[in-house]
Structures are given as C-alpha cells and as structure tokens.
>>> print(open('model12.csv').read())   # CSV, C-alpha atoms
chain,number,residue,atom,x,y,z
M,419,MET,CA,26.5,12.0,1.3
M,420,SER,CA,24.9,9.8,-1.2
M,421,VAL,CA,21.3,8.4,-0.9
M,422,ASN,CA,19.5,5.9,-3.1
M,423,VAL,CA,16.2,7.5,-4.2
M,424,GLN,CA,13.3,5.4,-5.6
M,425,TYR,CA,10.2,6.7,-7.5
M,426,PHE,CA,7.0,4.7,-7.9
M,427,ALA,CA,3.8,4.6,-9.9
M,428,ARG,CA,2.7,7.9,-11.5
M,429,TYR,CA,5.9,9.7,-10.2
M,430,ARG,CA,8.1,7.0,-11.9
M,431,GLU,CA,6.2,7.5,-15.1
M,432,THR,CA,6.2,11.3,-15.0
M,433,LEU,CA,9.9,11.4,-14.2
M,434,GLY,CA,10.8,8.6,-16.6
M,435,LEU,CA,13.0,7.3,-13.9
M,436,ASP,CA,12.6,4.5,-11.3
M,437,GLY,CA,15.6,5.4,-9.2
M,438,GLU,CA,18.9,7.2,-8.9
M,439,GLN,CA,21.8,7.9,-6.5
M,440,VAL,CA,21.7,11.5,-5.3
M,441,GLU,CA,24.7,13.3,-3.9
M,442,GLY,CA,24.4,16.3,-1.5
M,443,ASN,CA,24.0,17.4,2.1
M,444,PHE,CA,20.5,16.5,3.1
M,445,PRO,CA,19.7,16.7,6.9
M,446,ASN,CA,16.2,15.3,6.2
M,447,ILE,CA,13.9,14.0,3.5
M,448,ASP,CA,12.4,17.4,2.8
M,449,ALA,CA,15.9,18.9,2.0
M,450,LEU,CA,16.4,16.1,-0.5
M,451,ARG,CA,12.9,16.7,-2.0
M,452,LEU,CA,13.6,20.5,-2.3
M,453,HIS,CA,16.9,19.7,-4.1
M,454,LEU,CA,15.0,17.5,-6.6
M,455,LEU,CA,12.2,20.0,-7.0
M,456,ALA,CA,14.8,22.6,-8.0
M,457,ARG,CA,15.4,20.6,-11.2
M,458,GLU,CA,12.0,22.1,-12.3
M,459,GLY,CA,9.8,20.8,-15.2
M,460,VAL,CA,8.5,17.3,-14.5
M,461,TRP,CA,10.2,17.4,-11.1
M,462,GLU,CA,7.4,19.7,-9.9
M,463,VAL,CA,5.4,16.5,-9.3
M,464,LEU,CA,7.4,16.2,-6.0
M,465,GLY,CA,5.6,19.4,-4.8
M,466,GLU,CA,2.2,17.6,-4.6
M,467,GLN,CA,0.5,17.9,-1.2
M,468,SER,CA,-0.4,14.2,-1.3
M,469,LEU,CA,3.1,13.0,-1.8
M,470,MET,CA,4.1,10.1,0.5
M,471,CYS,CA,7.6,9.1,1.4
M,472,ALA,CA,9.5,6.2,3.0
M,473,ARG,CA,13.0,5.9,4.5
M,474,ASN,CA,14.6,2.5,4.3
M,475,GLN,CA,11.2,1.0,3.3
M,476,GLU,CA,9.3,2.4,6.2
M,477,LEU,CA,6.6,5.2,5.8
M,478,CYS,CA,7.7,8.4,7.4
M,479,GLN,CA,7.2,12.2,7.4
M,480,LEU,CA,9.2,14.7,5.4
M,481,ASP,CA,11.1,15.9,8.5
M,482,GLU,CA,12.6,12.4,8.9
M,483,PRO,CA,16.4,12.7,9.3
M,484,LEU,CA,18.6,11.1,6.7
M,485,GLN,CA,22.0,9.3,6.8
M,486,ALA,CA,24.4,8.4,4.0
M,487,GLY,CA,23.4,5.3,2.2
M,488,ASP,CA,19.7,5.5,3.1
M,489,GLU,CA,17.1,4.4,0.7
M,490,VAL,CA,14.4,7.0,0.2
M,491,ALA,CA,11.2,6.6,-1.8
M,492,PHE,CA,8.7,9.2,-3.1
M,493,PHE,CA,5.3,8.1,-4.3
M,494,PRO,CA,1.7,9.2,-4.7
M,495,THR,CA,-1.0,8.2,-2.3
M,496,VAL,CA,-1.2,4.4,-2.1
M,497,THR,CA,-4.2,2.7,-3.7
M,498,GLY,CA,-4.1,-1.0,-2.9
M,499,GLY,CA,-6.7,-3.2,-1.5
V,44,MET,CA,0.4,-15.3,10.4
V,45,ALA,CA,0.9,-15.4,6.7
V,46,ILE,CA,1.6,-12.6,4.2
V,47,ARG,CA,1.7,-13.4,0.5
V,48,VAL,CA,2.3,-10.9,-2.4
V,49,GLN,CA,1.9,-12.7,-5.7
V,50,GLU,CA,1.0,-12.4,-9.3
V,51,ALA,CA,-0.9,-15.7,-9.4
V,52,ALA,CA,-4.7,-15.9,-9.0
V,53,PHE,CA,-6.1,-17.5,-5.8
V,54,ASP,CA,-9.3,-19.1,-4.6
V,55,PRO,CA,-10.8,-17.2,-1.7
V,56,GLY,CA,-12.9,-20.2,-0.6
V,57,ALA,CA,-9.8,-22.3,-0.1
V,58,GLU,CA,-8.2,-19.5,1.9
V,59,VAL,CA,-11.2,-19.3,4.2
V,60,ASN,CA,-11.3,-23.0,4.8
V,61,ALA,CA,-7.6,-23.1,5.6
V,62,LEU,CA,-8.1,-20.5,8.4
V,63,HIS,CA,-9.9,-23.0,10.6
V,64,ALA,CA,-8.4,-26.2,9.4
V,65,ALA,CA,-6.6,-28.2,12.1
V,66,ASN,CA,-7.6,-25.8,14.9
V,67,VAL,CA,-10.9,-26.6,16.6
V,68,GLY,CA,-10.2,-23.6,19.0
V,69,VAL,CA,-11.3,-21.3,16.1
V,70,GLY,CA,-14.8,-20.2,16.8
V,71,ALA,CA,-15.0,-17.4,14.2
V,72,VAL,CA,-13.5,-16.6,10.8
V,73,VAL,CA,-14.0,-13.2,9.2
V,74,SER,CA,-12.7,-12.6,5.7
V,75,PHE,CA,-12.7,-9.7,3.2
V,76,VAL,CA,-12.1,-10.2,-0.5
V,77,GLY,CA,-11.6,-7.2,-2.8
V,78,TYR,CA,-12.3,-7.6,-6.5
V,79,VAL,CA,-11.5,-5.7,-9.7
V,80,ARG,CA,-14.6,-3.9,-10.9
V,81,ASP,CA,-15.5,-3.3,-14.5
V,82,PHE,CA,-16.2,0.4,-13.9
V,83,ASN,CA,-14.8,3.2,-11.8
V,84,GLU,CA,-15.6,6.9,-11.7
V,85,GLY,CA,-18.0,6.6,-14.6
V,86,ARG,CA,-15.6,4.8,-16.9
V,87,GLU,CA,-15.5,1.3,-18.1
V,88,VAL,CA,-12.5,-0.6,-16.8
V,89,SER,CA,-11.1,-3.5,-18.9
V,90,GLY,CA,-8.4,-4.4,-16.5
V,91,MET,CA,-5.7,-3.0,-14.3
V,92,PHE,CA,-2.0,-3.2,-13.4
V,93,LEU,CA,-1.0,-3.3,-9.7
V,94,GLU,CA,2.4,-1.9,-9.0
V,95,HIS,CA,4.1,-2.3,-5.6
V,96,TYR,CA,7.4,-1.6,-3.8
V,97,PRO,CA,9.1,-5.0,-3.4
V,98,GLY,CA,10.6,-5.2,0.0
V,99,MET,CA,8.6,-2.4,1.6
V,100,THR,CA,5.4,-4.1,0.7
V,101,GLU,CA,6.1,-7.2,2.8
V,102,LYS,CA,7.5,-5.0,5.7
V,103,ALA,CA,4.4,-2.8,5.7
V,104,LEU,CA,2.0,-5.7,5.7
V,105,GLY,CA,4.1,-7.4,8.5
V,106,LYS,CA,3.8,-4.3,10.6
V,107,ILE,CA,0.1,-4.0,10.1
V,108,THR,CA,-0.5,-7.7,10.9
V,109,ALA,CA,1.7,-7.5,14.0
V,110,GLU,CA,-0.3,-4.5,15.2
V,111,ALA,CA,-3.5,-6.4,14.7
V,112,GLN,CA,-2.2,-9.3,16.7
V,113,GLN,CA,-1.3,-7.0,19.5
V,114,ARG,CA,-4.7,-5.4,19.6
V,115,TRP,CA,-6.9,-8.5,19.3
V,116,PRO,CA,-6.6,-12.1,20.5
V,117,LEU,CA,-6.2,-13.8,17.1
V,118,LEU,CA,-5.5,-17.4,16.3
V,119,LYS,CA,-4.7,-16.9,12.6
V,120,LEU,CA,-4.4,-13.9,10.2
V,121,GLU,CA,-3.7,-14.1,6.5
V,122,VAL,CA,-3.1,-11.3,4.1
V,123,LEU,CA,-2.8,-12.1,0.4
V,124,HIS,CA,-2.4,-9.3,-2.2
V,125,ARG,CA,-2.0,-9.7,-5.9
V,126,VAL,CA,0.3,-7.6,-8.1
V,127,GLY,CA,0.7,-7.4,-11.9
V,128,SER,CA,-2.1,-7.6,-14.5
V,129,LEU,CA,-5.6,-8.3,-13.3
V,130,GLU,CA,-9.0,-8.6,-15.1
V,131,PRO,CA,-12.4,-7.5,-14.0
V,132,GLY,CA,-14.0,-10.0,-11.7
V,133,GLU,CA,-10.6,-11.3,-10.3
V,134,PRO,CA,-9.9,-11.1,-6.6
V,135,ILE,CA,-7.2,-8.6,-5.8
V,136,VAL,CA,-6.9,-8.9,-2.0
V,137,PHE,CA,-7.8,-11.4,0.7
V,138,VAL,CA,-7.7,-10.7,4.5
V,139,GLY,CA,-8.8,-13.6,6.7
V,140,VAL,CA,-8.9,-13.6,10.5
V,141,ALA,CA,-9.6,-16.5,12.8
V,142,SER,CA,-10.3,-16.1,16.5
V,143,ALA,CA,-12.2,-17.7,19.3
V,144,HIS,CA,-15.0,-15.2,19.2
V,145,ARG,CA,-16.4,-13.0,16.3
V,146,GLN,CA,-15.9,-9.5,17.7
V,147,ALA,CA,-12.1,-9.7,17.5
V,148,ALA,CA,-12.2,-11.2,14.0
V,149,PHE,CA,-14.6,-8.6,12.7
V,150,GLU,CA,-12.6,-5.7,14.1
V,151,ALA,CA,-9.2,-7.0,13.2
V,152,CYS,CA,-10.2,-7.7,9.6
V,153,ASP,CA,-11.6,-4.1,9.3
V,154,PHE,CA,-8.5,-2.7,10.8
V,155,VAL,CA,-6.1,-4.6,8.5
V,156,MET,CA,-8.0,-3.5,5.4
V,157,ASP,CA,-8.1,0.2,6.5
V,158,TYR,CA,-4.4,0.2,7.2
V,159,LEU,CA,-3.5,-1.8,4.1
V,160,LYS,CA,-5.4,0.8,2.0
V,161,THR,CA,-3.5,3.7,3.5
V,162,ARG,CA,-0.1,2.3,4.4
V,163,ALA,CA,0.9,-0.5,2.1
V,164,PRO,CA,2.8,0.6,-1.1
V,165,PHE,CA,0.4,-0.6,-3.8
V,166,TRP,CA,-0.8,1.5,-6.7
V,167,LYS,CA,-3.5,0.6,-9.2
V,168,LYS,CA,-3.4,1.7,-12.8
V,169,GLU,CA,-6.7,1.0,-14.7
V,170,ASN,CA,-7.1,0.4,-18.4
V,171,THR,CA,-10.2,2.6,-18.9
V,172,SER,CA,-12.3,3.4,-22.0
V,173,ALA,CA,-10.5,6.8,-21.9
V,174,GLY,CA,-7.0,5.2,-21.7
V,175,PRO,CA,-4.7,4.1,-18.9
V,176,LYS,CA,-5.4,6.0,-15.6
V,177,TRP,CA,-3.7,5.9,-12.2
V,178,VAL,CA,-6.3,5.5,-9.4
V,179,GLU,CA,-6.1,8.4,-7.0
V,180,GLY,CA,-6.2,8.0,-3.2
V,181,ARG,CA,-9.5,8.6,-1.5
V,182,GLU,CA,-9.9,10.9,1.5
V,183,SER,CA,-12.6,8.5,2.8
V,184,ASP,CA,-9.9,5.7,3.1
V,185,HIS,CA,-7.8,8.0,5.4
V,186,ALA,CA,-10.8,8.9,7.5
V,187,ALA,CA,-11.6,5.2,7.9
V,188,ALA,CA,-8.0,4.4,8.9
V,189,GLY,CA,-8.1,7.3,11.4
V,190,ARG,CA,-10.9,5.6,13.4
V,191,TRP,CA,-8.3,3.2,14.8
V,192,THR,CA,-6.0,5.9,16.3
V,193,LYS,CA,-8.8,7.5,18.4
V,194,PRO,CA,-8.7,6.5,22.1
>>> encode(input="model12.csv", output="structure tokens")
Amino acid sequence: MSVNVQYFARYRETLGLDGEQVEGNFPNIDALRLHLLAREGVWEVLGEQSLMCARNQELCQLDEPLQAGDEVAFFPTVTGG
Amino acid sequence: MAIRVQEAAFDPGAEVNALHAANVGVGAVVSFVGYVRDFNEGREVSGMFLEHYPGMTEKALGKITAEAQQRWPLLKLEVLHRVGSLEPGEPIVFVGVASAHRQAAFEACDFVMDYLKTRAPFWKKENTSAGPKWVEGRESDHAAAGRWTKP
C-alpha cells in the first residue's frame, strides 16, 4: 500500500521535507510511524511523546487504522490562537 | 456560521458589529481577540510566522463550531484566524458569538477558543532576540480544553 505522509512546522524543518509517498504494509498509523523512526537520525523526532497525528485531515490516535491512499500527517503540538 | 483563515489583517471592531447587524433577536455578543505580544518566555519577540495545514484547518474549525452550535443556542458564530507573517500588536484570532442571552455566548466563546488552541492545526514560530523559535504547546491549554469533556 502507498500512503501520502505530510509533515508540519518543527517536524517539517527538522526532516527537511514537507511530504512524501511511503510504500509498505501499515495496519495503523503507529506502524507507519515506527517504519519512519527506523530511518534514524533526524527521524527520531517522530518519537516525541507530544507528537500529534491526523488521518485524512482529521485528528486521530496512533492506533487509527490505515487504508491505501490515505493522507497521514505528523506534527508537533498545535499552538494557534 | 463563518470560518475564515486569511493572511490579511482585520478589524475586530467591525467583526463585533457585524455579529448583531440585521438581527434584533441578538441580545448578547461575546468576543475574544488574541494578539501578537512583543515578549514570550522572557524573550523579546519582533514578529511571528503562523503555519497551518490547509484543508485540515478549515475542517477542524468547522467541527469545533458545529459542536459549539450543538451545545449552545447560538444565533451567530464567527472564527477568523490569520496565517503568515504577523507583527507585535496585530490581532491573530477572533472568535465572536451572538446569542439571545449572555450565558450561552460566554460559554461558547470560551469553548471554541479552548478547542481551537488544542485541535486546530496552527503553529507559531516567533522571531525572538535569540533567533527564530517554534512555540511549544502548553499543558494548561490541554487542561482548559479538558473542562468541556467532563459530565
């Protein structure tokens, strides 16, 4: 399966990447996150406790199931307002 | 119910007036305006950049305003949030609520701000005297948002 992954704010800057297509077998968002974490180096930022995520532009938890073609986003705690 | 995400500056006074214009059933308007400060965490701030997640931002704000409408009898609700570059003293966010009586307006305005701060995908990056710095989320904001989920 292929998913469209987006990174925002400090994560986008740390990774030097705003988004990518990722191929693999990911039953849920956490499986995808662990796959990315295994790249090591700057990718360790995805191991932060305060990480937030969204699936198809809706906030969700890491155990949210994934389907091919989903848009997944990882970002630090939001700070608007 | 209106949601606007824009780079352009806005006039909070005009927004407040528009909330009761042409509706004499409105007995109460409550509004919140958030501004860029010139200091934060002991550092001078000369400006900031507001990043957001286009698409999700509008959806998240739509969900928050829909929930506010379900919980309180509101006549009008407006959320306006700026993105891009801002200078100290400029308004960042406006939440305005109109209802027949004040209690609903006060509570809904408070609720929308608490949820916006913890669920809408905006991120502030400040230009400080020590260089650019991403603002970190605050635990107190999450505690404030948690008040609305208690029975």
>>> closest_atom_pairs(input="model12.csv", of="chain V", to="chain M", cutoff="6 Å", atoms="all atoms listed in the file", output="JSON lines")
{"residue": "V:Met99", "atom": "CA", "partner": "M:Gln475", "partner_atom": "CA", "distance": 4.6}
{"residue": "V:Val136", "atom": "CA", "partner": "M:Gly499", "partner_atom": "CA", "distance": 5.7}
{"residue": "V:Lys160", "atom": "CA", "partner": "M:Gly498", "partner_atom": "CA", "distance": 5.4}
{"residue": "V:Pro164", "atom": "CA", "partner": "M:Val496", "partner_atom": "CA", "distance": 5.6}
{"residue": "V:Phe165", "atom": "CA", "partner": "M:Gly498", "partner_atom": "CA", "distance": 4.6}
{"residue": "V:Trp166", "atom": "CA", "partner": "M:Thr497", "partner_atom": "CA", "distance": 4.7}
{"residue": "V:Lys167", "atom": "CA", "partner": "M:Thr497", "partner_atom": "CA", "distance": 5.9}
{"residue": "V:Gly180", "atom": "CA", "partner": "M:Thr495", "partner_atom": "CA", "distance": 5.3}
>>> residues_around(input="model12.csv", residues="M:Gly442", least_positions_apart="3", cutoff="12 Å", atoms="only C-alpha atoms", output="PyMOL selection string")
chain M and resi 419-422+439+445-447+449-454+484-487
>>> write_last_selection(input="model12.csv", atoms="C-alpha atoms", output="PDB file, keeping the file's coordinate frame")
ATOM      1  CA  MET M 419      26.500  12.000   1.300  1.00  0.00           C
ATOM      2  CA  SER M 420      24.900   9.800  -1.200  1.00  0.00           C
ATOM      3  CA  VAL M 421      21.300   8.400  -0.900  1.00  0.00           C
ATOM      4  CA  ASN M 422      19.500   5.900  -3.100  1.00  0.00           C
ATOM      5  CA  GLN M 439      21.800   7.900  -6.500  1.00  0.00           C
ATOM      6  CA  PRO M 445      19.700  16.700   6.900  1.00  0.00           C
ATOM      7  CA  ASN M 446      16.200  15.300   6.200  1.00  0.00           C
ATOM      8  CA  ILE M 447      13.900  14.000   3.500  1.00  0.00           C
ATOM      9  CA  ALA M 449      15.900  18.900   2.000  1.00  0.00           C
ATOM     10  CA  LEU M 450      16.400  16.100  -0.500  1.00  0.00           C
ATOM     11  CA  ARG M 451      12.900  16.700  -2.000  1.00  0.00           C
ATOM     12  CA  LEU M 452      13.600  20.500  -2.300  1.00  0.00           C
ATOM     13  CA  HIS M 453      16.900  19.700  -4.100  1.00  0.00           C
ATOM     14  CA  LEU M 454      15.000  17.500  -6.600  1.00  0.00           C
ATOM     15  CA  LEU M 484      18.600  11.100   6.700  1.00  0.00           C
ATOM     16  CA  GLN M 485      22.000   9.300   6.800  1.00  0.00           C
ATOM     17  CA  ALA M 486      24.400   8.400   4.000  1.00  0.00           C
ATOM     18  CA  GLY M 487      23.400   5.300   2.200  1.00  0.00           C
TER      19      GLY M 487
END
>>> residues_around(input="model12.csv", residues="V:Asp184", least_positions_apart="2", cutoff="9 Å", atoms="all atoms listed in the file", output="VMD selection string")
chain V and resid 157 to 158 160 to 161 180 to 182 186 to 189
>>> atom_distance(input="model12.csv", atom1="atom CA of V:Phe75", atom2="atom CA of V:Leu62")
12.8 Å
>>> atom_distance(input="model12.csv", atom1="atom CA of V:Met44", atom2="atom CA of V:Ser128")
26.2 Å
>>> residues_around(input="model12.csv", residues="stretch 52-55 of chain V", least_positions_apart="3", cutoff="12 Å", atoms="only C-alpha atoms", output="JSON, numbers by chain")
{"V": [47, 48, 49, 58, 59, 60, 61, 62, 74, 75, 76, 77, 78, 121, 122, 123, 124, 125, 126, 127, 128, 129, 130, 132, 133, 134, 135, 136, 137, 138, 139]}
>>> build_atoms(input="model12.csv", residues="stretch 430-451 of chain M", atoms="N, CA, C and O atoms", output="CSV table (one decimal), in the frame of the given file")
chain,number,residue,atom,x,y,z
M,430,ARG,N,7.1,7.7,-11.0
M,430,ARG,CA,8.1,7.0,-11.9
M,430,ARG,C,7.8,7.3,-13.3
M,430,ARG,O,8.7,7.6,-14.1
M,431,GLU,N,6.5,7.3,-13.7
M,431,GLU,CA,6.2,7.5,-15.1
M,431,GLU,C,6.4,9.0,-15.5
M,431,GLU,O,7.0,9.2,-16.6
M,432,THR,N,6.0,9.9,-14.7
M,432,THR,CA,6.2,11.3,-15.0
M,432,THR,C,7.7,11.7,-15.1
M,432,THR,O,8.1,12.4,-16.0
M,433,LEU,N,8.5,11.1,-14.2
M,433,LEU,CA,9.9,11.4,-14.2
M,433,LEU,C,10.7,10.6,-15.2
M,433,LEU,O,11.8,11.0,-15.6
M,434,GLY,N,10.1,9.5,-15.7
M,434,GLY,CA,10.8,8.6,-16.6
M,434,GLY,C,12.0,8.0,-16.0
M,434,GLY,O,13.0,7.7,-16.6
M,435,LEU,N,11.9,7.7,-14.6
M,435,LEU,CA,13.0,7.3,-13.9
M,435,LEU,C,12.5,6.4,-12.7
M,435,LEU,O,11.6,6.8,-12.0
M,436,ASP,N,13.1,5.2,-12.5
M,436,ASP,CA,12.6,4.5,-11.3
M,436,ASP,C,13.5,4.6,-10.1
M,436,ASP,O,13.1,4.3,-9.0
M,437,GLY,N,14.7,5.2,-10.3
M,437,GLY,CA,15.6,5.4,-9.2
M,437,GLY,C,16.9,6.0,-9.6
M,437,GLY,O,17.3,6.0,-10.7
M,438,GLU,N,17.6,6.6,-8.6
M,438,GLU,CA,18.9,7.2,-8.9
M,438,GLU,C,19.7,7.4,-7.5
M,438,GLU,O,19.1,7.3,-6.5
M,439,GLN,N,21.0,7.5,-7.6
M,439,GLN,CA,21.8,7.9,-6.5
M,439,GLN,C,21.9,9.4,-6.5
M,439,GLN,O,22.2,10.0,-7.6
M,440,VAL,N,21.6,10.1,-5.4
M,440,VAL,CA,21.7,11.5,-5.3
M,440,VAL,C,22.8,11.9,-4.3
M,440,VAL,O,22.8,11.4,-3.2
M,441,GLU,N,23.6,12.8,-4.7
M,441,GLU,CA,24.7,13.3,-3.9
M,441,GLU,C,24.4,14.7,-3.3
M,441,GLU,O,23.8,15.5,-4.1
M,442,GLY,N,24.7,15.0,-2.1
M,442,GLY,CA,24.4,16.3,-1.5
M,442,GLY,C,24.4,16.2,0.0
M,442,GLY,O,24.6,15.1,0.6
M,443,ASN,N,24.1,17.3,0.6
M,443,ASN,CA,24.0,17.4,2.1
M,443,ASN,C,22.6,17.5,2.5
M,443,ASN,O,22.0,18.6,2.3
M,444,PHE,N,21.9,16.4,2.9
M,444,PHE,CA,20.5,16.5,3.1
M,444,PHE,C,20.2,16.1,4.6
M,444,PHE,O,20.3,14.9,4.9
M,445,PRO,N,20.0,17.1,5.5
M,445,PRO,CA,19.7,16.7,6.9
M,445,PRO,C,18.4,15.9,7.0
M,445,PRO,O,18.3,15.1,7.9
M,446,ASN,N,17.4,16.1,6.1
M,446,ASN,CA,16.2,15.3,6.2
M,446,ASN,C,15.6,15.1,4.8
M,446,ASN,O,16.2,15.6,3.8
M,447,ILE,N,14.5,14.3,4.8
M,447,ILE,CA,13.9,14.0,3.5
M,447,ILE,C,13.5,15.2,2.7
M,447,ILE,O,13.5,15.3,1.5
M,448,ASP,N,12.9,16.2,3.5
M,448,ASP,CA,12.4,17.4,2.8
M,448,ASP,C,13.6,18.2,2.1
M,448,ASP,O,13.3,18.7,1.0
M,449,ALA,N,14.7,18.2,2.7
M,449,ALA,CA,15.9,18.9,2.0
M,449,ALA,C,16.2,18.2,0.7
M,449,ALA,O,16.5,18.8,-0.3
M,450,LEU,N,16.1,16.9,0.7
M,450,LEU,CA,16.4,16.1,-0.5
M,450,LEU,C,15.3,16.4,-1.5
M,450,LEU,O,15.5,16.6,-2.7
M,451,ARG,N,14.0,16.5,-1.1
M,451,ARG,CA,12.9,16.7,-2.0
M,451,ARG,C,13.0,18.1,-2.6
M,451,ARG,O,12.8,18.3,-3.8
